[in-house]
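Structure first, then comments.
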Amino acid sequence: MTPPLADDQDALVPPRRERPSRLIDVAVALLLLVADAVIVVVAVVLLFAVGMGRAHSPYSSSPSPSPDTPVLAWLVIWGVPAVAAVGAVVHARLRMLVTAVVQGLFTLACAFLAIAWTRMLLS
(Lines give C-alpha, C1' and ligand atoms only; values in the text may rest on other atoms or scores of the structure.)
Protein backbone atom coordinates (compact mmCIF):
# COMPACT_ATOMS: atom_id res chain seq x y z
CA MET A 1 0.00 0.00 0.00
CA THR A 2 1.15 3.45 -0.74
CA PRO A 3 0.69 6.25 1.76
CA PRO A 4 -1.81 8.94 0.82
CA LEU A 5 -0.46 12.02 -0.84
CA ALA A 6 0.28 15.10 1.23
CA ASP A 7 -2.48 17.02 -0.53
CA ASP A 8 -5.05 14.39 0.47
CA GLN A 9 -3.98 14.60 4.12
CA ASP A 10 -4.32 18.38 4.13
CA ALA A 11 -7.80 18.12 2.61
CA LEU A 12 -9.02 15.95 5.49
CA VAL A 13 -8.00 18.42 8.21
CA PRO A 14 -10.19 21.52 8.37
CA PRO A 15 -8.19 24.75 8.31
CA ARG A 16 -7.80 26.42 11.68
CA ARG A 17 -9.17 29.94 11.85
CA GLU A 18 -6.73 32.63 12.69
CA ARG A 19 -7.53 34.76 15.67
CA PRO A 20 -8.27 38.43 14.84
CA SER A 21 -5.70 40.90 16.06
CA ARG A 22 -6.01 42.19 19.61
CA LEU A 23 -6.46 45.74 18.29
CA ILE A 24 -9.50 44.76 16.22
CA ASP A 25 -10.90 42.83 19.18
CA VAL A 26 -10.55 45.81 21.53
CA ALA A 27 -11.93 48.26 18.93
CA VAL A 28 -15.03 46.11 18.33
CA ALA A 29 -15.44 45.63 22.09
CA LEU A 30 -15.34 49.40 22.68
CA LEU A 31 -17.90 50.06 19.94
CA LEU A 32 -20.21 47.39 21.32
CA LEU A 33 -19.67 48.67 24.86
CA VAL A 34 -20.92 52.13 23.87
CA ALA A 35 -23.91 50.68 22.00
CA ASP A 36 -24.71 48.33 24.89
CA ALA A 37 -24.51 51.17 27.41
CA VAL A 38 -26.98 53.23 25.37
CA ILE A 39 -29.36 50.27 25.17
CA VAL A 40 -29.19 49.64 28.92
CA VAL A 41 -29.70 53.32 29.81
CA VAL A 42 -32.71 53.60 27.49
CA ALA A 43 -34.19 50.39 28.93
CA VAL A 44 -33.76 51.65 32.50
CA VAL A 45 -35.32 55.04 31.69
CA LEU A 46 -38.26 53.33 29.96
CA LEU A 47 -38.62 50.92 32.87
CA PHE A 48 -38.80 53.85 35.27
CA ALA A 49 -41.21 55.85 33.06
CA VAL A 50 -43.56 52.94 32.40
CA GLY A 51 -43.41 51.85 36.02
CA MET A 52 -44.30 55.31 37.26
CA GLY A 53 -47.14 55.51 34.72
CA ARG A 54 -48.57 52.21 35.91
CA ALA A 55 -48.26 53.06 39.60
CA HIS A 56 -51.51 53.13 41.55
CA SER A 57 -52.46 56.57 42.81
CA PRO A 58 -53.08 56.63 46.56
CA TYR A 59 -55.98 59.07 46.03
CA SER A 60 -58.04 56.86 43.72
CA SER A 61 -60.60 54.49 45.21
CA SER A 62 -60.02 51.46 43.00
CA PRO A 63 -57.12 50.38 40.87
CA SER A 64 -57.69 50.59 37.13
CA PRO A 65 -57.54 47.28 35.30
CA SER A 66 -54.24 46.80 33.58
CA PRO A 67 -54.41 46.05 29.86
CA ASP A 68 -52.86 42.88 28.55
CA THR A 69 -49.27 43.21 27.38
CA PRO A 70 -48.91 42.63 23.63
CA VAL A 71 -46.92 39.64 22.42
CA LEU A 72 -44.53 41.95 20.57
CA ALA A 73 -43.55 43.56 23.87
CA TRP A 74 -42.71 40.14 25.34
CA LEU A 75 -40.69 39.29 22.24
CA VAL A 76 -38.68 42.48 22.63
CA ILE A 77 -38.24 42.09 26.39
CA TRP A 78 -36.94 38.51 26.14
CA GLY A 79 -35.55 38.72 22.59
CA VAL A 80 -32.84 41.24 23.44
CA PRO A 81 -31.14 38.98 26.04
CA ALA A 82 -31.40 36.04 23.62
CA VAL A 83 -29.77 38.02 20.81
CA ALA A 84 -27.10 39.28 23.21
CA ALA A 85 -26.32 35.70 24.26
CA VAL A 86 -26.02 34.62 20.64
CA GLY A 87 -23.67 37.56 20.04
CA ALA A 88 -21.49 36.53 22.97
CA VAL A 89 -21.27 32.96 21.68
CA VAL A 90 -20.45 34.11 18.14
CA HIS A 91 -17.66 36.38 19.36
CA ALA A 92 -16.29 33.58 21.51
CA ARG A 93 -16.31 31.24 18.51
CA LEU A 94 -14.49 33.92 16.49
CA ARG A 95 -11.91 33.93 19.30
CA MET A 96 -12.50 37.61 20.07
CA LEU A 97 -12.15 37.21 23.81
CA VAL A 98 -12.49 40.85 24.92
CA THR A 99 -15.60 41.32 22.80
CA ALA A 100 -17.06 38.05 24.06
CA VAL A 101 -16.61 39.19 27.67
CA VAL A 102 -18.26 42.56 26.93
CA GLN A 103 -21.18 40.82 25.22
CA GLY A 104 -21.47 38.33 28.09
CA LEU A 105 -21.77 41.16 30.60
CA PHE A 106 -24.35 42.82 28.35
CA THR A 107 -26.28 39.55 28.30
CA LEU A 108 -26.35 39.51 32.11
CA ALA A 109 -27.55 43.12 32.21
CA CYS A 110 -30.26 42.37 29.64
CA ALA A 111 -31.43 39.31 31.55
CA PHE A 112 -31.64 41.35 34.76
CA LEU A 113 -33.62 44.08 32.97
CA ALA A 114 -35.92 41.48 31.33
CA ILE A 115 -36.71 40.05 34.75
CA ALA A 116 -37.41 43.57 36.09
CA TRP A 117 -39.66 44.37 33.10
CA THR A 118 -41.52 41.08 33.51
CA ARG A 119 -42.10 41.65 37.21
CA MET A 120 -43.34 45.19 36.53
CA LEU A 121 -45.67 44.18 33.72
CA LEU A 122 -47.13 41.25 35.62
CA SER A 123 -47.75 43.21 38.82
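Lettering and numbering for the C-alpha coordinates are positional, with chains as A, B, ... in the shown order, residues counted from 1 in each chain, and ligands counted from 1 in the shown order.
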query = If we count only C-alpha atoms, what is near Val89 of chain A at a cut-off of 12 Å, once residues fewer than 4 positions away on the same chain are taken out, given as a PyMOL selection string?
reply = chain A and resi 82-85+93-97+99-104+107
Convert the current residue selection to file output with N, CA, C and O atoms, as a PDB file, in the first residue's frame.
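part11.pdb, written as the output of this step:
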```
ATOM      1  N   ALA A  82     -31.715  37.204  24.456  1.00  0.00           N
ATOM      2  CA  ALA A  82     -31.400  36.043  23.619  1.00  0.00           C
ATOM      3  C   ALA A  82     -30.433  36.421  22.503  1.00  0.00           C
ATOM      4  O   ALA A  82     -29.459  35.703  22.239  1.00  0.00           O
ATOM      5  N   VAL A  83     -30.667  37.558  21.867  1.00  0.00           N
ATOM      6  CA  VAL A  83     -29.766  38.020  20.806  1.00  0.00           C
ATOM      7  C   VAL A  83     -28.396  38.369  21.388  1.00  0.00           C
ATOM      8  O   VAL A  83     -27.362  38.085  20.771  1.00  0.00           O
ATOM      9  N   ALA A  84     -28.373  38.954  22.570  1.00  0.00           N
ATOM     10  CA  ALA A  84     -27.097  39.277  23.208  1.00  0.00           C
ATOM     11  C   ALA A  84     -26.311  38.009  23.533  1.00  0.00           C
ATOM     12  O   ALA A  84     -25.084  37.966  23.367  1.00  0.00           O
ATOM     13  N   ALA A  85     -27.000  36.973  23.970  1.00  0.00           N
ATOM     14  CA  ALA A  85     -26.323  35.700  24.264  1.00  0.00           C
ATOM     15  C   ALA A  85     -25.757  35.079  22.993  1.00  0.00           C
ATOM     16  O   ALA A  85     -24.633  34.562  22.992  1.00  0.00           O
ATOM     17  N   ARG A  93     -16.706  32.167  19.566  1.00  0.00           N
ATOM     18  CA  ARG A  93     -16.307  31.240  18.508  1.00  0.00           C
ATOM     19  C   ARG A  93     -15.327  31.876  17.530  1.00  0.00           C
ATOM     20  O   ARG A  93     -14.504  31.194  16.939  1.00  0.00           O
ATOM     21  N   LEU A  94     -15.426  33.198  17.355  1.00  0.00           N
ATOM     22  CA  LEU A  94     -14.487  33.917  16.495  1.00  0.00           C
ATOM     23  C   LEU A  94     -13.165  34.187  17.209  1.00  0.00           C
ATOM     24  O   LEU A  94     -12.280  34.790  16.629  1.00  0.00           O
ATOM     25  N   ARG A  95     -13.086  33.767  18.470  1.00  0.00           N
ATOM     26  CA  ARG A  95     -11.907  33.931  19.302  1.00  0.00           C
ATOM     27  C   ARG A  95     -11.589  35.404  19.550  1.00  0.00           C
ATOM     28  O   ARG A  95     -10.444  35.814  19.586  1.00  0.00           O
ATOM     29  N   MET A  96     -12.632  36.197  19.694  1.00  0.00           N
ATOM     30  CA  MET A  96     -12.500  37.611  20.074  1.00  0.00           C
ATOM     31  C   MET A  96     -12.864  37.677  21.555  1.00  0.00           C
ATOM     32  O   MET A  96     -14.006  37.956  21.919  1.00  0.00           O
ATOM     33  N   LEU A  97     -11.886  37.417  22.395  1.00  0.00           N
ATOM     34  CA  LEU A  97     -12.151  37.208  23.813  1.00  0.00           C
ATOM     35  C   LEU A  97     -12.645  38.460  24.523  1.00  0.00           C
ATOM     36  O   LEU A  97     -13.570  38.390  25.338  1.00  0.00           O
ATOM     37  N   THR A  99     -14.233  41.051  23.265  1.00  0.00           N
ATOM     38  CA  THR A  99     -15.599  41.324  22.802  1.00  0.00           C
ATOM     39  C   THR A  99     -16.581  40.316  23.381  1.00  0.00           C
ATOM     40  O   THR A  99     -17.709  40.674  23.741  1.00  0.00           O
ATOM     41  N   ALA A 100     -16.180  39.075  23.492  1.00  0.00           N
ATOM     42  CA  ALA A 100     -17.059  38.049  24.060  1.00  0.00           C
ATOM     43  C   ALA A 100     -17.368  38.347  25.525  1.00  0.00           C
ATOM     44  O   ALA A 100     -18.501  38.167  25.975  1.00  0.00           O
ATOM     45  N   VAL A 101     -16.383  38.844  26.270  1.00  0.00           N
ATOM     46  CA  VAL A 101     -16.614  39.191  27.674  1.00  0.00           C
ATOM     47  C   VAL A 101     -17.570  40.376  27.774  1.00  0.00           C
ATOM     48  O   VAL A 101     -18.500  40.380  28.590  1.00  0.00           O
ATOM     49  N   VAL A 102     -17.367  41.398  26.923  1.00  0.00           N
ATOM     50  CA  VAL A 102     -18.259  42.562  26.930  1.00  0.00           C
ATOM     51  C   VAL A 102     -19.685  42.133  26.599  1.00  0.00           C
ATOM     52  O   VAL A 102     -20.643  42.534  27.268  1.00  0.00           O
ATOM     53  N   GLN A 103     -19.847  41.288  25.589  1.00  0.00           N
ATOM     54  CA  GLN A 103     -21.182  40.821  25.222  1.00  0.00           C
ATOM     55  C   GLN A 103     -21.781  39.911  26.289  1.00  0.00           C
ATOM     56  O   GLN A 103     -22.993  39.898  26.496  1.00  0.00           O
ATOM     57  N   GLY A 104     -20.966  39.156  26.983  1.00  0.00           N
ATOM     58  CA  GLY A 104     -21.466  38.330  28.086  1.00  0.00           C
ATOM     59  C   GLY A 104     -21.998  39.177  29.229  1.00  0.00           C
ATOM     60  O   GLY A 104     -23.051  38.875  29.802  1.00  0.00           O
ATOM     61  N   THR A 107     -25.242  40.570  28.185  1.00  0.00           N
ATOM     62  CA  THR A 107     -26.282  39.545  28.303  1.00  0.00           C
ATOM     63  C   THR A 107     -26.811  39.472  29.726  1.00  0.00           C
ATOM     64  O   THR A 107     -28.026  39.377  29.942  1.00  0.00           O
TER      65      THR A 107
END
```
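Each of A:Cys110, A:Leu72, A:Ser123, A:Pro20 was compared to Ile39 of chain A using only C-alpha atoms, and A:Cys110 turns out to be the nearest.
Among A:Leu122, A:Trp117, A:Ala35, A:Ala92, the residue with the shortest atom-to-atom distance to Ala49 of chain A, counting only C-alpha atoms, is A:Trp117.
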message = Considering only helix (DSSP H, G or I) as DSSP defines it on the backbone, what residues of segment 15-117 of chain A qualify? List them as number ranges by chain.
response = A: 22-54, 71-93, 97-117
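The environment of Ala111 of chain A within 8 Å, counting only C-alpha atoms and disregarding residues fewer than 4 places along the same chain, consists of Trp78, Pro81, Thr107 and Ile115 of chain A.
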Convert the current residue selection to file output with N, CA, C and O atoms, as a PDB file, in the first residue's frame.
```
ATOM      1  N   TRP A  78     -37.750  39.730  26.000  1.00  0.00           N
ATOM      2  CA  TRP A  78     -36.936  38.509  26.136  1.00  0.00           C
ATOM      3  C   TRP A  78     -36.099  38.214  24.898  1.00  0.00           C
ATOM      4  O   TRP A  78     -35.206  37.365  24.942  1.00  0.00           O
ATOM      5  N   PRO A  81     -32.146  39.831  25.377  1.00  0.00           N
ATOM      6  CA  PRO A  81     -31.144  38.984  26.036  1.00  0.00           C
ATOM      7  C   PRO A  81     -30.760  37.755  25.202  1.00  0.00           C
ATOM      8  O   PRO A  81     -29.599  37.326  25.220  1.00  0.00           O
ATOM      9  N   THR A 107     -25.242  40.570  28.185  1.00  0.00           N
ATOM     10  CA  THR A 107     -26.282  39.545  28.303  1.00  0.00           C
ATOM     11  C   THR A 107     -26.811  39.472  29.726  1.00  0.00           C
ATOM     12  O   THR A 107     -28.026  39.377  29.942  1.00  0.00           O
ATOM     13  N   ILE A 115     -36.018  40.513  33.544  1.00  0.00           N
ATOM     14  CA  ILE A 115     -36.710  40.052  34.746  1.00  0.00           C
ATOM     15  C   ILE A 115     -37.431  41.222  35.408  1.00  0.00           C
ATOM     16  O   ILE A 115     -38.590  41.092  35.850  1.00  0.00           O
TER      17      ILE A 115
END
```
request  = Write out as an NGL selection string the residues lying within 12 Å of Ala37 of chain A, counting only C-alpha atoms and excluding same-chain residues fewer than 4 positions away.
outcome  = :A and (29-33 or 41-44 or 102-103 or 105-107 or 109-110)
query = With only C-alpha atoms as the basis for distance, which of A:Val26, A:Leu108, A:Val98, A:Ala114 is at the shortest distance from Ala73 of chain A?
reply = A:Ala114
remark   = Between atom CA of Leu113 of chain A and atom CA of Val38 of chain A lies a distance of 13.6 Å
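Between atom CA of Ala116 of chain A and atom CA of Val50 of chain A the separation is 11.8 Å.
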